[in-house]
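Structure first, then comments.
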Amino acid sequence: KNFFNISNYKNYFHVHENNVLKLKTNISEFKENVYIPKNYLVKISPSQKIILLNGVAIYSNSPWEAIGDEDNKILIVGRLNNYGGGLIISDTNQRSIFNHVDFKYLNGFNKNPYAGGIIMGAINFNNTQVTLKNIFVKNVDSEDSINIFNSTFDLENCYFSHVLSDAIDFDFSNGKAKNIKFNLIGNDAIDFSGSKAIVENIVFNRVGDKVVSVGEDSRVKIFNIEGKNSLIGVASKDGSDTYLENAKFKDVEYPFTAYKKKQAYQYGNLNINN
């Protein structure tokens, strides 16, 4: 049995006019995987809370609008002693928007039998468009806390803390990321593969591997990056072109690196204007 055989979303969501799905209750506990088919719009309202327990996940082929505000954040979370899986929004042309949303206590799809053995992030956007603004991500134990694959993206004012592996992974995606902060990241803070992006105003502390990893023929421009206590600042590898302007690093063991890791690619280029 896989996600696409599940038709249980109406246990948790009411269908409103214009095929809008809204949560039945302001605090909704999910103890089973839920699949949302195409042709809906999922709307989550300010201060609503989705609690994912026992590693379960929501897989949606419809876009989401989860728009809170500063005083009424939306929560998509597990619990400290019972982590949830996460969320994947896939194969929809319509843009999903998340604003003032907290994601916490999630371990991704890697422990989820419905993922078919594919390791993904806790929050996934696949073949779609996404805007993430005023996002707080903490205590995520998946391969990536956010994974954006073959999609267009716009990230602004996002904070990541206590992430076991990579914070954000962009694969074959295009977009921009602005005002992003990282603290206590186990592996890479930002990892690009086959992507094009403009990145502005990055602040970091205690990143276990690379703050920005640019790989596999990516084209990335980085403006204003500042931080400390990390292993590698910016790495440009495997045929990638990276432009970096205004970097301030303290106690970063390897501030700038450019190299070839995979035989199929050329060396990476890193152009620094400081």
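Naming works like this for the structure tokens: A, B, ... for the chains as they're shown, residue 1 at the start of each chain, ligands 1 onward in shown order.
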For segment 34-39 of chain A, please output as an MDAnalysis selection string all residues within 10 Å (counting only C-alpha atoms; exclusion window: fewer than 4 positions along the same chain). chainID A and resid 2:13 18:21 30 56:63 87:92
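By only C-alpha atoms, and with residues fewer than 3 positions from segment 170-175 of chain A along its chain excluded, the set lying at most 8 Å from it is Asn147, Ile148, Phe149, Asn150, Ser151, Thr152, Phe153, Asp154, Ile190, Asp191, Phe192, Ser193, Gly194, Ser195, Lys196, Ala197 and Ile198 of chain A.
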May I have the selected residues written with N, CA, C and O atoms, as a CSV table (one decimal), in the first residue's frame?
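Saved as selection_18.csv:
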chain,number,residue,atom,x,y,z
A,147,ASN,N,13.7,20.4,1.4
A,147,ASN,CA,14.3,19.9,0.1
A,147,ASN,C,13.4,20.5,-1.0
A,147,ASN,O,12.2,20.3,-1.0
A,148,ILE,N,14.0,21.2,-1.9
A,148,ILE,CA,13.3,21.8,-3.0
A,148,ILE,C,13.9,21.2,-4.3
A,148,ILE,O,15.1,21.4,-4.6
A,149,PHE,N,13.0,20.5,-5.1
A,149,PHE,CA,13.5,19.7,-6.2
A,149,PHE,C,12.7,20.1,-7.5
A,149,PHE,O,11.5,20.1,-7.5
A,150,ASN,N,13.5,20.5,-8.5
A,150,ASN,CA,12.9,20.9,-9.8
A,150,ASN,C,11.8,21.9,-9.7
A,150,ASN,O,10.7,21.7,-10.2
A,151,SER,N,12.0,22.9,-8.9
A,151,SER,CA,11.0,23.9,-8.6
A,151,SER,C,11.5,25.3,-8.6
A,151,SER,O,12.7,25.5,-8.6
A,152,THR,N,10.6,26.3,-8.6
A,152,THR,CA,11.0,27.7,-8.5
A,152,THR,C,10.7,28.1,-7.0
A,152,THR,O,9.7,27.7,-6.5
A,153,PHE,N,11.6,28.9,-6.5
A,153,PHE,CA,11.5,29.2,-5.0
A,153,PHE,C,11.8,30.7,-4.7
A,153,PHE,O,12.5,31.3,-5.5
A,154,ASP,N,11.2,31.1,-3.6
A,154,ASP,CA,11.4,32.5,-3.1
A,154,ASP,C,11.4,32.4,-1.6
A,154,ASP,O,10.4,32.1,-1.0
A,190,ILE,N,23.3,25.4,3.2
A,190,ILE,CA,22.6,25.5,1.9
A,190,ILE,C,23.4,24.6,0.9
A,190,ILE,O,24.6,24.8,0.8
A,191,ASP,N,22.7,23.7,0.2
A,191,ASP,CA,23.3,22.8,-0.7
A,191,ASP,C,22.6,22.9,-2.0
A,191,ASP,O,21.4,22.6,-2.2
A,192,PHE,N,23.3,23.4,-3.1
A,192,PHE,CA,22.8,23.5,-4.4
A,192,PHE,C,23.3,22.4,-5.3
A,192,PHE,O,24.5,22.2,-5.3
A,193,SER,N,22.5,21.8,-6.1
A,193,SER,CA,22.9,20.9,-7.2
A,193,SER,C,22.1,21.3,-8.4
A,193,SER,O,20.8,21.3,-8.4
A,194,GLY,N,22.8,21.5,-9.5
A,194,GLY,CA,22.1,21.8,-10.8
A,194,GLY,C,21.1,22.9,-10.7
A,194,GLY,O,20.1,22.9,-11.4
A,195,SER,N,21.4,24.0,-9.9
A,195,SER,CA,20.4,25.0,-9.7
A,195,SER,C,21.0,26.4,-10.0
A,195,SER,O,22.2,26.6,-10.2
A,196,LYS,N,20.1,27.4,-10.2
A,196,LYS,CA,20.4,28.8,-10.4
A,196,LYS,C,19.8,29.6,-9.3
A,196,LYS,O,18.6,29.5,-9.1
A,197,ALA,N,20.6,30.4,-8.6
A,197,ALA,CA,20.0,31.2,-7.5
A,197,ALA,C,20.8,32.5,-7.2
A,197,ALA,O,22.0,32.6,-7.5
A,198,ILE,N,20.1,33.4,-6.6
A,198,ILE,CA,20.7,34.6,-6.0
A,198,ILE,C,20.4,34.5,-4.5
A,198,ILE,O,19.3,34.3,-4.1
Counting only C-alpha atoms, which residues of segment 221-261 of chain A fall within 10 Å of segment 199-210 of chain A, and what is the closest atom pair for each with its distance in Å at one decimal, ordered by chain and rising number, as JSON lines?
{"residue": "A:Lys221", "atom": "CA", "partner": "A:Val199", "partner_atom": "CA", "distance": 6.1}
{"residue": "A:Ile222", "atom": "CA", "partner": "A:Val199", "partner_atom": "CA", "distance": 4.7}
{"residue": "A:Phe223", "atom": "CA", "partner": "A:Glu200", "partner_atom": "CA", "distance": 4.7}
{"residue": "A:Asn224", "atom": "CA", "partner": "A:Asn201", "partner_atom": "CA", "distance": 4.8}
{"residue": "A:Ile225", "atom": "CA", "partner": "A:Ile202", "partner_atom": "CA", "distance": 4.6}
{"residue": "A:Glu226", "atom": "CA", "partner": "A:Val203", "partner_atom": "CA", "distance": 4.9}
{"residue": "A:Gly227", "atom": "CA", "partner": "A:Phe204", "partner_atom": "CA", "distance": 4.5}
{"residue": "A:Lys228", "atom": "CA", "partner": "A:Asn205", "partner_atom": "CA", "distance": 5.1}
{"residue": "A:Asn229", "atom": "CA", "partner": "A:Arg206", "partner_atom": "CA", "distance": 4.9}
{"residue": "A:Ser230", "atom": "CA", "partner": "A:Val207", "partner_atom": "CA", "distance": 4.8}
{"residue": "A:Leu231", "atom": "CA", "partner": "A:Asp209", "partner_atom": "CA", "distance": 5.3}
{"residue": "A:Ile232", "atom": "CA", "partner": "A:Lys210", "partner_atom": "CA", "distance": 4.5}
{"residue": "A:Gly233", "atom": "CA", "partner": "A:Lys210", "partner_atom": "CA", "distance": 5.7}
{"residue": "A:Val234", "atom": "CA", "partner": "A:Lys210", "partner_atom": "CA", "distance": 6.5}
{"residue": "A:Ala235", "atom": "CA", "partner": "A:Lys210", "partner_atom": "CA", "distance": 6.9}
{"residue": "A:Leu244", "atom": "CA", "partner": "A:Val199", "partner_atom": "CA", "distance": 9.5}
{"residue": "A:Glu245", "atom": "CA", "partner": "A:Glu200", "partner_atom": "CA", "distance": 9.6}
{"residue": "A:Asn246", "atom": "CA", "partner": "A:Asn201", "partner_atom": "CA", "distance": 9.7}
{"residue": "A:Ala247", "atom": "CA", "partner": "A:Ile202", "partner_atom": "CA", "distance": 9.4}
{"residue": "A:Lys248", "atom": "CA", "partner": "A:Val203", "partner_atom": "CA", "distance": 9.6}
{"residue": "A:Phe249", "atom": "CA", "partner": "A:Phe204", "partner_atom": "CA", "distance": 9.4}
{"residue": "A:Lys250", "atom": "CA", "partner": "A:Asn205", "partner_atom": "CA", "distance": 9.6}
{"residue": "A:Asp251", "atom": "CA", "partner": "A:Arg206", "partner_atom": "CA", "distance": 9.8}
{"residue": "A:Val252", "atom": "CA", "partner": "A:Arg206", "partner_atom": "CA", "distance": 9.2}
{"residue": "A:Tyr254", "atom": "CA", "partner": "A:Lys210", "partner_atom": "CA", "distance": 9.1}
{"residue": "A:Pro255", "atom": "CA", "partner": "A:Lys210", "partner_atom": "CA", "distance": 9.3}
{"residue": "A:Phe256", "atom": "CA", "partner": "A:Lys210", "partner_atom": "CA", "distance": 9.8}
{"residue": "A:Thr257", "atom": "CA", "partner": "A:Lys210", "partner_atom": "CA", "distance": 9.8}
Which neighbours of His100 of chain A fall inside 12 Å, counting only C-alpha atoms, when residues of the same chain fewer than 5 positions from it are skipped, and could you give them as a VMD selection string? chain A and resid 44 to 48 65 to 76 131 to 137 156 to 159
Kindly give the distance, in Å, that separates atom CA of Phe98 of chain A and atom CA of Ser218 of chain A, rounded to a single decimal. 25.7 Å
Given only C-alpha atoms as the counted atoms, nearest of A:Leu155, A:Ile146, A:Val211, A:Ile185 to Ile168 of chain A: A:Ile146
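Atom to atom, atom CA of Val163 of chain A and atom CA of Glu253 of chain A stand 20.5 Å apart.
For the atom pair formed by atom CA of Lys138 of chain A and atom CA of Phe103 of chain A, the distance is 6.5 Å, given to one decimal.
Close contacts of Leu52 of chain A, defined as residues with an atom at most 10 Å away when counting only C-alpha atoms, with chain neighbours fewer than 3 positions off set aside, comprise Ser28, Glu29, Phe30, Lys31, Glu32, Asn33, Lys49, Gly55, Val56, Ala57, Ile58, Ile76, Val77, Gly78, Arg79, Asn82, Tyr83, Gly84, Gly85, Gly86, Leu87, Tyr105 and Leu106 of chain A.
Comparing the minimum interatomic distances between Glu216 of chain A and each of A:Ser165, A:Asn187, A:Asn269, A:Asn126, counting only C-alpha atoms, we find that A:Asn269 sits nearest.
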If you run DSSP on this backbone, which residues of segment 20-207 of chain A come out as strand (DSSP E or B), and could you give them as number ranges by chain? A: 20-23, 27-30, 34-36, 41-44, 49-52, 57-60, 64-67, 69, 72, 74-77, 79, 82, 84, 86-90, 95-106, 123-126, 129-140, 144-149, 152-163, 166-171, 174-185, 190-193, 196-207
